[in-house]
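Structure file input02.pdb (PDB, C-alpha atoms, pLDDT in the B column) follows.
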```pdb
ATOM      1  CA  ASP Z   1     -10.942  44.301  35.426  1.00 87.00           C
ATOM      2  CA  LYS Z   2      -9.210  45.111  38.754  1.00 93.00           C
ATOM      3  CA  HIS Z   3     -12.513  45.031  40.687  1.00 95.00           C
ATOM      4  CA  TYR Z   4     -10.963  43.160  43.602  1.00 96.00           C
ATOM      5  CA  ASP Z   5      -7.853  45.311  43.916  1.00 96.00           C
ATOM      6  CA  GLY Z   6      -8.083  47.151  47.235  1.00 97.00           C
ATOM      7  CA  THR Z   7     -11.103  45.260  48.530  1.00 98.00           C
ATOM      8  CA  VAL Z   8     -11.152  43.866  52.067  1.00 98.00           C
ATOM      9  CA  PHE Z   9     -12.176  40.733  53.840  1.00 98.00           C
ATOM     10  CA  HIS Z  10     -15.057  42.335  55.715  1.00 98.00           C
ATOM     11  CA  ARG Z  11     -16.475  39.246  57.438  1.00 98.00           C
ATOM     12  CA  VAL Z  12     -14.369  36.710  59.303  1.00 98.00           C
ATOM     13  CA  ILE Z  13     -15.932  33.947  61.388  1.00 98.00           C
ATOM     14  CA  ALA Z  14     -13.173  31.639  62.633  1.00 97.00           C
ATOM     15  CA  ASN Z  15     -15.257  28.448  62.764  1.00 97.00           C
ATOM     16  CA  PHE Z  16     -17.065  29.104  59.481  1.00 98.00           C
ATOM     17  CA  MET Z  17     -15.586  31.205  56.652  1.00 98.00           C
ATOM     18  CA  VAL Z  18     -13.821  34.410  55.550  1.00 98.00           C
ATOM     19  CA  GLN Z  19     -15.688  36.723  53.140  1.00 98.00           C
ATOM     20  CA  GLY Z  20     -14.590  39.524  50.867  1.00 98.00           C
ATOM     21  CA  GLY Z  21     -14.832  41.034  47.425  1.00 97.00           C
ATOM     22  CA  GLY Z  22     -17.443  43.725  47.842  1.00 97.00           C
ATOM     23  CA  PHE Z  23     -16.084  46.590  49.945  1.00 98.00           C
ATOM     24  CA  ASP Z  24     -13.070  48.872  49.802  1.00 97.00           C
ATOM     25  CA  ALA Z  25     -10.855  49.678  52.792  1.00 95.00           C
ATOM     26  CA  LYS Z  26     -13.300  52.420  53.885  1.00 96.00           C
ATOM     27  CA  TYR Z  27     -16.165  49.885  53.818  1.00 96.00           C
ATOM     28  CA  GLN Z  28     -17.747  51.531  50.815  1.00 97.00           C
ATOM     29  CA  GLN Z  29     -19.549  48.979  48.671  1.00 96.00           C
ATOM     30  CA  LYS Z  30     -18.029  48.707  45.219  1.00 96.00           C
ATOM     31  CA  PRO Z  31     -20.242  48.805  42.143  1.00 95.00           C
ATOM     32  CA  THR Z  32     -20.654  45.396  40.530  1.00 94.00           C
ATOM     33  CA  ARG Z  33     -21.909  43.796  37.399  1.00 92.00           C
ATOM     34  CA  ALA Z  34     -25.409  42.326  37.248  1.00 95.00           C
ATOM     35  CA  PRO Z  35     -26.087  39.287  39.459  1.00 96.00           C
ATOM     36  CA  ILE Z  36     -25.426  35.859  38.014  1.00 94.00           C
ATOM     37  CA  GLN Z  37     -27.741  32.869  37.792  1.00 92.00           C
ATOM     38  CA  HIS Z  38     -27.320  30.368  40.602  1.00 94.00           C
ATOM     39  CA  GLU Z  39     -25.374  27.300  39.402  1.00 94.00           C
ATOM     40  CA  GLY Z  40     -25.040  25.485  42.698  1.00 93.00           C
ATOM     41  CA  ARG Z  41     -26.882  22.283  41.862  1.00 92.00           C
ATOM     42  CA  ALA Z  42     -24.758  21.762  38.748  1.00 93.00           C
ATOM     43  CA  ALA Z  43     -21.599  22.452  40.762  1.00 94.00           C
ATOM     44  CA  THR Z  44     -22.695  20.028  43.486  1.00 92.00           C
ATOM     45  CA  ALA Z  45     -23.538  17.365  40.891  1.00 91.00           C
ATOM     46  CA  ALA Z  46     -19.993  17.857  39.524  1.00 94.00           C
ATOM     47  CA  GLY Z  47     -18.585  17.166  42.995  1.00 94.00           C
ATOM     48  CA  LEU Z  48     -17.933  20.725  44.218  1.00 96.00           C
ATOM     49  CA  LYS Z  49     -18.919  21.019  47.866  1.00 97.00           C
ATOM     50  CA  ASN Z  50     -18.477  23.601  50.616  1.00 98.00           C
ATOM     51  CA  GLN Z  51     -15.420  21.958  52.131  1.00 98.00           C
ATOM     52  CA  ILE Z  52     -12.387  23.505  53.786  1.00 98.00           C
ATOM     53  CA  GLY Z  53     -10.451  25.597  51.274  1.00 98.00           C
ATOM     54  CA  THR Z  54     -13.216  25.891  48.687  1.00 98.00           C
ATOM     55  CA  VAL Z  55     -14.350  29.261  47.354  1.00 98.00           C
ATOM     56  CA  ALA Z  56     -18.068  29.967  46.975  1.00 98.00           C
ATOM     57  CA  MET Z  57     -20.273  32.846  45.889  1.00 97.00           C
ATOM     58  CA  ALA Z  58     -21.777  34.995  48.625  1.00 97.00           C
ATOM     59  CA  ARG Z  59     -25.309  36.255  48.035  1.00 96.00           C
ATOM     60  CA  THR Z  60     -28.403  37.645  49.707  1.00 94.00           C
ATOM     61  CA  GLY Z  61     -31.505  35.556  50.419  1.00 92.00           C
ATOM     62  CA  ASP Z  62     -32.230  35.635  46.679  1.00 93.00           C
ATOM     63  CA  PRO Z  63     -30.356  32.674  45.167  1.00 94.00           C
ATOM     64  CA  HIS Z  64     -29.746  34.628  41.949  1.00 94.00           C
ATOM     65  CA  SER Z  65     -28.207  37.683  43.659  1.00 96.00           C
ATOM     66  CA  ALA Z  66     -24.494  36.785  43.655  1.00 97.00           C
ATOM     67  CA  THR Z  67     -22.285  39.494  42.167  1.00 97.00           C
ATOM     68  CA  SER Z  68     -18.706  39.908  43.364  1.00 97.00           C
ATOM     69  CA  GLN Z  69     -18.558  38.768  46.967  1.00 98.00           C
ATOM     70  CA  PHE Z  70     -17.094  35.375  47.729  1.00 98.00           C
ATOM     71  CA  PHE Z  71     -16.174  33.365  50.775  1.00 98.00           C
ATOM     72  CA  ILE Z  72     -13.539  30.778  51.546  1.00 98.00           C
ATOM     73  CA  ASN Z  73     -14.695  27.900  53.712  1.00 98.00           C
ATOM     74  CA  VAL Z  74     -12.323  27.432  56.664  1.00 98.00           C
ATOM     75  CA  VAL Z  75     -14.178  24.318  57.863  1.00 98.00           C
ATOM     76  CA  ASP Z  76     -16.394  21.815  56.072  1.00 98.00           C
ATOM     77  CA  ASN Z  77     -19.809  23.481  55.665  1.00 98.00           C
ATOM     78  CA  ALA Z  78     -21.994  20.743  54.166  1.00 95.00           C
ATOM     79  CA  PHE Z  79     -25.123  22.611  55.305  1.00 94.00           C
ATOM     80  CA  LEU Z  80     -24.290  25.247  52.646  1.00 96.00           C
ATOM     81  CA  ASP Z  81     -24.288  22.734  49.787  1.00 95.00           C
ATOM     82  CA  PRO Z  82     -27.142  23.018  47.313  1.00 94.00           C
ATOM     83  CA  VAL Z  83     -29.569  20.127  47.669  1.00 91.00           C
ATOM     84  CA  LEU Z  84     -30.006  17.855  44.667  1.00 90.00           C
ATOM     85  CA  ILE Z  85     -33.701  17.178  44.029  1.00 92.00           C
ATOM     86  CA  PRO Z  86     -34.617  13.584  43.125  1.00 91.00           C
ATOM     87  CA  GLU Z  87     -36.266  12.857  39.777  1.00 92.00           C
ATOM     88  CA  GLY Z  88     -40.029  12.752  39.368  1.00 94.00           C
ATOM     89  CA  ASP Z  89     -42.966  15.119  39.485  1.00 95.00           C
ATOM     90  CA  PRO Z  90     -44.291  14.979  42.038  1.00 96.00           C
ATOM     91  CA  VAL Z  91     -41.093  13.912  43.804  1.00 95.00           C
ATOM     92  CA  PRO Z  92     -42.146  10.627  45.411  1.00 94.00           C
ATOM     93  CA  ARG Z  93     -39.903  10.871  48.474  1.00 92.00           C
ATOM     94  CA  PHE Z  94     -37.438  13.476  49.655  1.00 87.00           C
ATOM     95  CA  GLU Z  95     -35.368  13.729  52.832  1.00 89.00           C
ATOM     96  CA  TYR Z  96     -33.841  16.969  54.056  1.00 86.00           C
ATOM     97  CA  ARG Z  97     -32.225  17.506  57.454  1.00 84.00           C
ATOM     98  CA  GLY Z  98     -34.067  14.637  59.041  1.00 88.00           C
ATOM     99  CA  GLN Z  99     -37.469  15.502  57.582  1.00 88.00           C
ATOM    100  CA  VAL Z 100     -39.222  13.198  55.132  1.00 92.00           C
ATOM    101  CA  VAL Z 101     -41.481  14.742  52.507  1.00 87.00           C
ATOM    102  CA  GLU Z 102     -43.534  12.682  50.083  1.00 93.00           C
ATOM    103  CA  ASN Z 103     -45.321  13.486  46.809  1.00 95.00           C
ATOM    104  CA  VAL Z 104     -44.234  17.130  46.655  1.00 92.00           C
ATOM    105  CA  PRO Z 105     -44.484  18.989  43.331  1.00 94.00           C
ATOM    106  CA  ARG Z 106     -40.990  19.225  41.824  1.00 93.00           C
ATOM    107  CA  ALA Z 107     -41.261  23.015  41.267  1.00 92.00           C
ATOM    108  CA  GLN Z 108     -42.002  23.528  44.958  1.00 91.00           C
ATOM    109  CA  LEU Z 109     -38.730  21.810  45.896  1.00 91.00           C
ATOM    110  CA  LEU Z 110     -36.666  23.407  43.120  1.00 89.00           C
ATOM    111  CA  ASN Z 111     -37.712  26.866  44.282  1.00 86.00           C
ATOM    112  CA  HIS Z 112     -37.574  26.261  48.045  1.00 87.00           C
ATOM    113  CA  PRO Z 113     -35.205  28.946  49.433  1.00 83.00           C
ATOM    114  CA  GLN Z 114     -33.447  26.650  51.914  1.00 85.00           C
ATOM    115  CA  LEU Z 115     -32.506  24.120  49.236  1.00 93.00           C
ATOM    116  CA  TRP Z 116     -30.539  26.466  46.936  1.00 94.00           C
ATOM    117  CA  GLY Z 117     -27.327  26.505  48.966  1.00 95.00           C
ATOM    118  CA  TYR Z 118     -24.170  28.366  47.926  1.00 97.00           C
ATOM    119  CA  THR Z 119     -22.267  27.755  44.703  1.00 96.00           C
ATOM    120  CA  VAL Z 120     -18.682  26.530  45.000  1.00 97.00           C
ATOM    121  CA  PHE Z 121     -16.606  27.643  42.035  1.00 95.00           C
ATOM    122  CA  GLY Z 122     -13.009  27.181  43.122  1.00 95.00           C
ATOM    123  CA  LYS Z 123     -10.485  25.938  45.640  1.00 96.00           C
ATOM    124  CA  VAL Z 124      -7.450  27.448  47.309  1.00 96.00           C
ATOM    125  CA  THR Z 125      -4.561  25.488  45.781  1.00 94.00           C
ATOM    126  CA  SER Z 126      -1.770  27.347  47.564  1.00 94.00           C
ATOM    127  CA  GLY Z 127      -1.764  29.945  50.292  1.00 95.00           C
ATOM    128  CA  MET Z 128      -4.111  28.225  52.708  1.00 97.00           C
ATOM    129  CA  ASP Z 129      -1.706  29.401  55.416  1.00 98.00           C
ATOM    130  CA  VAL Z 130      -2.735  32.959  54.537  1.00 97.00           C
ATOM    131  CA  VAL Z 131      -6.416  32.007  54.795  1.00 98.00           C
ATOM    132  CA  GLN Z 132      -5.702  30.507  58.235  1.00 98.00           C
ATOM    133  CA  LYS Z 133      -4.069  33.787  59.330  1.00 98.00           C
ATOM    134  CA  ILE Z 134      -7.133  35.722  58.141  1.00 98.00           C
ATOM    135  CA  ARG Z 135      -9.344  33.242  59.997  1.00 98.00           C
ATOM    136  CA  GLN Z 136      -7.461  33.850  63.245  1.00 98.00           C
ATOM    137  CA  THR Z 137      -7.390  37.647  63.080  1.00 97.00           C
ATOM    138  CA  PRO Z 138      -9.224  39.429  65.926  1.00 98.00           C
ATOM    139  CA  THR Z 139     -12.597  40.854  64.886  1.00 98.00           C
ATOM    140  CA  GLY Z 140     -15.091  43.424  66.080  1.00 98.00           C
ATOM    141  CA  SER Z 141     -17.246  46.111  64.519  1.00 97.00           C
ATOM    142  CA  GLY Z 142     -16.192  48.102  61.478  1.00 96.00           C
ATOM    143  CA  GLY Z 143     -17.899  50.384  58.983  1.00 94.00           C
ATOM    144  CA  PRO Z 144     -21.579  49.425  58.749  1.00 96.00           C
ATOM    145  CA  PHE Z 145     -20.963  45.970  60.254  1.00 97.00           C
ATOM    146  CA  PRO Z 146     -21.606  45.404  63.976  1.00 97.00           C
ATOM    147  CA  THR Z 147     -19.464  42.234  64.239  1.00 98.00           C
ATOM    148  CA  ASP Z 148     -16.984  39.908  62.509  1.00 98.00           C
ATOM    149  CA  VAL Z 149     -14.843  42.643  60.872  1.00 98.00           C
ATOM    150  CA  PRO Z 150     -11.057  42.224  61.169  1.00 98.00           C
ATOM    151  CA  LYS Z 151      -9.717  44.849  63.580  1.00 97.00           C
ATOM    152  CA  THR Z 152      -6.692  45.184  61.302  1.00 96.00           C
ATOM    153  CA  PRO Z 153      -7.907  45.447  57.688  1.00 96.00           C
ATOM    154  CA  VAL Z 154      -7.081  42.478  55.465  1.00 97.00           C
ATOM    155  CA  ILE Z 155      -6.771  44.036  52.021  1.00 97.00           C
ATOM    156  CA  ILE Z 156      -6.658  42.227  48.678  1.00 97.00           C
ATOM    157  CA  GLN Z 157      -3.883  44.002  46.835  1.00 96.00           C
ATOM    158  CA  SER Z 158      -4.466  42.333  43.492  1.00 93.00           C
ATOM    159  CA  ILE Z 159      -6.228  39.404  41.852  1.00 89.00           C
ATOM    160  CA  THR Z 160      -5.189  38.035  38.493  1.00 86.00           C
ATOM    161  CA  LEU Z 161      -7.124  35.584  36.340  1.00 82.00           C
ATOM    162  CA  LEU Z 162      -4.801  32.841  35.123  1.00 82.00           C
ATOM    163  CA  PRO Z 163      -5.469  30.789  31.995  1.00 83.00           C
TER
END
```

What does this structure look like when you write it as structure tokens?
Amino acid sequence: DKHYDGTVFHRVIANFMVQGGGFDAKYQQKPTRAPIQHEGRAATAAGLKNQIGTVAMARTGDPHSATSQFFINVVDNAFLDPVLIPEGDPVPRFEYRGQVVENVPRAQLLNHPQLWGYTVFGKVTSGMDVVQKIRQTPTGSGGPFPTDVPKTPVIIQSITLLP
């Protein structure tokens, strides 16, 4: 529907990711469709992880808030992967970032905000050299953002959905 035409990469962090899809060249937020349901655990179970070159949905602190913004991982970002919750209720034993939790109600873990992660939905199959150039562009403040904005705008001219 041409939503992405003319949008910019508004957040570039060289050792992390490049983000775009939500703002025009004047840093005006574009209207979007309604947020989508978070599908990260299903994507992770299918083998999609936040690795270099993968494309994931950007969102707010609400896991079900993703609309149009996306990011491309420029390094492996395993800490962004949704955490798969072991079977059982209560979950007999669960380890997360070095912490061991035992006999926790399943719903408490399923809804824990730090365990949702970010949903990977694609991978750059060609043009990673372009992503690397975006990654290396100098950044500073721009529009409403105090940091991480490319000093020279990186504009998406067009995106086409291929069958």

Quiz item: Excluding same-chain residues fewer than 3 positions from Tyr96 in chain Z, what lies within 9 Å of it counting only C-alpha atoms, as a ChimeraX atom specification?
Solution: /Z:83,99-101,115

Practice problem: Find, counting all atoms listed in the file, the residue in Z:Gln29, Z:Asn77, Z:Thr152, Z:Ser126 that gets nearest to Lys49 in chain Z. | Solution: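 Selected residue with least distance to Lys49 in chain Z: Z:Asn77.
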
Please report, as a tab-separated table, each residue of range 76-116 of chain Z lying at most 12 Å from range 6-27 of chain Z, together with the nearest pair of atoms and the separation in Å rounded to one decimal; use all atoms listed in the file, and order rows by chain and ascending residue number.
```
residue	atom	partner	partner_atom	distance
Z:Asp76	CA	Z:Phe16	CA	8.1
Z:Asn77	CA	Z:Phe16	CA	7.3
Z:Ala78	CA	Z:Phe16	CA	11.1
Z:Phe79	CA	Z:Phe16	CA	11.2
Z:Leu80	CA	Z:Phe16	CA	10.7
```

Exercise. Give as JSON, numbers by chain the residues that the PyMOL selection byres ((chain Z and resi 45) around 12) matches when applied to the coordinates above.
Key: {"Z": [39, 40, 41, 42, 43, 44, 46, 47, 48, 49, 81, 82, 83, 84, 85, 86, 119, 120]}

Export of the given selection (C-alpha atoms) as an mmCIF file, in the frame of the given file:
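What follows is the written file part09.cif:
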```
data_model
loop_
_atom_site.group_PDB
_atom_site.id
_atom_site.type_symbol
_atom_site.label_atom_id
_atom_site.label_comp_id
_atom_site.auth_asym_id
_atom_site.auth_seq_id
_atom_site.Cartn_x
_atom_site.Cartn_y
_atom_site.Cartn_z
ATOM 1 C CA GLU Z 39 -25.374 27.300 39.402
ATOM 2 C CA GLY Z 40 -25.040 25.485 42.698
ATOM 3 C CA ARG Z 41 -26.882 22.283 41.862
ATOM 4 C CA ALA Z 42 -24.758 21.762 38.748
ATOM 5 C CA ALA Z 43 -21.599 22.452 40.762
ATOM 6 C CA THR Z 44 -22.695 20.028 43.486
ATOM 7 C CA ALA Z 46 -19.993 17.857 39.524
ATOM 8 C CA GLY Z 47 -18.585 17.166 42.995
ATOM 9 C CA LEU Z 48 -17.933 20.725 44.218
ATOM 10 C CA LYS Z 49 -18.919 21.019 47.866
ATOM 11 C CA ASP Z 81 -24.288 22.734 49.787
ATOM 12 C CA PRO Z 82 -27.142 23.018 47.313
ATOM 13 C CA VAL Z 83 -29.569 20.127 47.669
ATOM 14 C CA LEU Z 84 -30.006 17.855 44.667
ATOM 15 C CA ILE Z 85 -33.701 17.178 44.029
ATOM 16 C CA PRO Z 86 -34.617 13.584 43.125
ATOM 17 C CA THR Z 119 -22.267 27.755 44.703
ATOM 18 C CA VAL Z 120 -18.682 26.530 45.000
#
```

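Put simply, CA of Gln69 in chain Z is 19.0 Å away from CA of Gln132 in chain Z.
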
Here's the selection I'm unsure about, the PyMOL selection byres ((chain Z and resi 54-65) around 6); applied to the file above, which residues does it give, as a tab-separated table (two decimals) with C-alpha atoms, in the coordinates of the input?
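New file selection-v3.tsv:
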```tsv
chain	number	residue	atom	x	y	z
Z	35	PRO	CA	-26.09	39.29	39.46
Z	36	ILE	CA	-25.43	35.86	38.01
Z	37	GLN	CA	-27.74	32.87	37.79
Z	38	HIS	CA	-27.32	30.37	40.60
Z	51	GLN	CA	-15.42	21.96	52.13
Z	52	ILE	CA	-12.39	23.50	53.79
Z	53	GLY	CA	-10.45	25.60	51.27
Z	66	ALA	CA	-24.49	36.78	43.66
Z	69	GLN	CA	-18.56	38.77	46.97
Z	70	PHE	CA	-17.09	35.38	47.73
Z	71	PHE	CA	-16.17	33.36	50.78
Z	72	ILE	CA	-13.54	30.78	51.55
Z	73	ASN	CA	-14.70	27.90	53.71
Z	119	THR	CA	-22.27	27.76	44.70
Z	120	VAL	CA	-18.68	26.53	45.00
Z	121	PHE	CA	-16.61	27.64	42.04
Z	122	GLY	CA	-13.01	27.18	43.12
Z	123	LYS	CA	-10.48	25.94	45.64
```

Exercise. Taking (-45.2, 14.6, 42.0) in the file's own coordinates, collect the residues within 6 Å, counting all atoms listed in the file, and hand them back as an MDAnalysis selection string.
Key: chainID Z and resid 89:91 103:105

Quiz prompt | For CA of Arg97 in chain Z and CA of Asn111 in chain Z, the interatomic separation in Å (one decimal) | solution =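 Answer for the CA of Arg97 in chain Z to CA of Asn111 in chain Z separation: 17.1 Å.
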
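Here CA of Val75 in chain Z is placed at a distance of 16.5 Å from CA of Asp148 in chain Z.
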
The centre and edge lengths of an axis-aligned box containing all atoms of range 5-20 of chain Z present in the file, extended by 5 Å on each side, are to be given in Å to one decimal, as AutoDock Vina command-line options.
```
--center_x -12.5 --center_y 37.8 --center_z 53.3 --size_x 19.2 --size_y 28.7 --size_z 28.8
```

Exercise. Please evaluate the PyMOL selection byres ((chain Z and resi 143) around 9) against the displayed coordinates and give the resulting residues as a list of chain:residue names.
Key: Z:Lys26, Z:Tyr27, Z:Gln28, Z:Ser141, Z:Gly142, Z:Pro144, Z:Phe145, Z:Pro146, Z:Val149

Just the selected residues (C-alpha atoms), exported as a short mmCIF file (atom, residue, chain, number, x, y, z; two decimals), keeping the file's coordinate frame, please.
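Output file part.cif is given in full below:
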```
data_model
loop_
_atom_site.label_atom_id
_atom_site.label_comp_id
_atom_site.auth_asym_id
_atom_site.auth_seq_id
_atom_site.Cartn_x
_atom_site.Cartn_y
_atom_site.Cartn_z
CA LYS Z 26 -13.30 52.42 53.88
CA TYR Z 27 -16.16 49.88 53.82
CA GLN Z 28 -17.75 51.53 50.82
CA SER Z 141 -17.25 46.11 64.52
CA GLY Z 142 -16.19 48.10 61.48
CA PRO Z 144 -21.58 49.42 58.75
CA PHE Z 145 -20.96 45.97 60.25
CA PRO Z 146 -21.61 45.40 63.98
CA VAL Z 149 -14.84 42.64 60.87
#
```
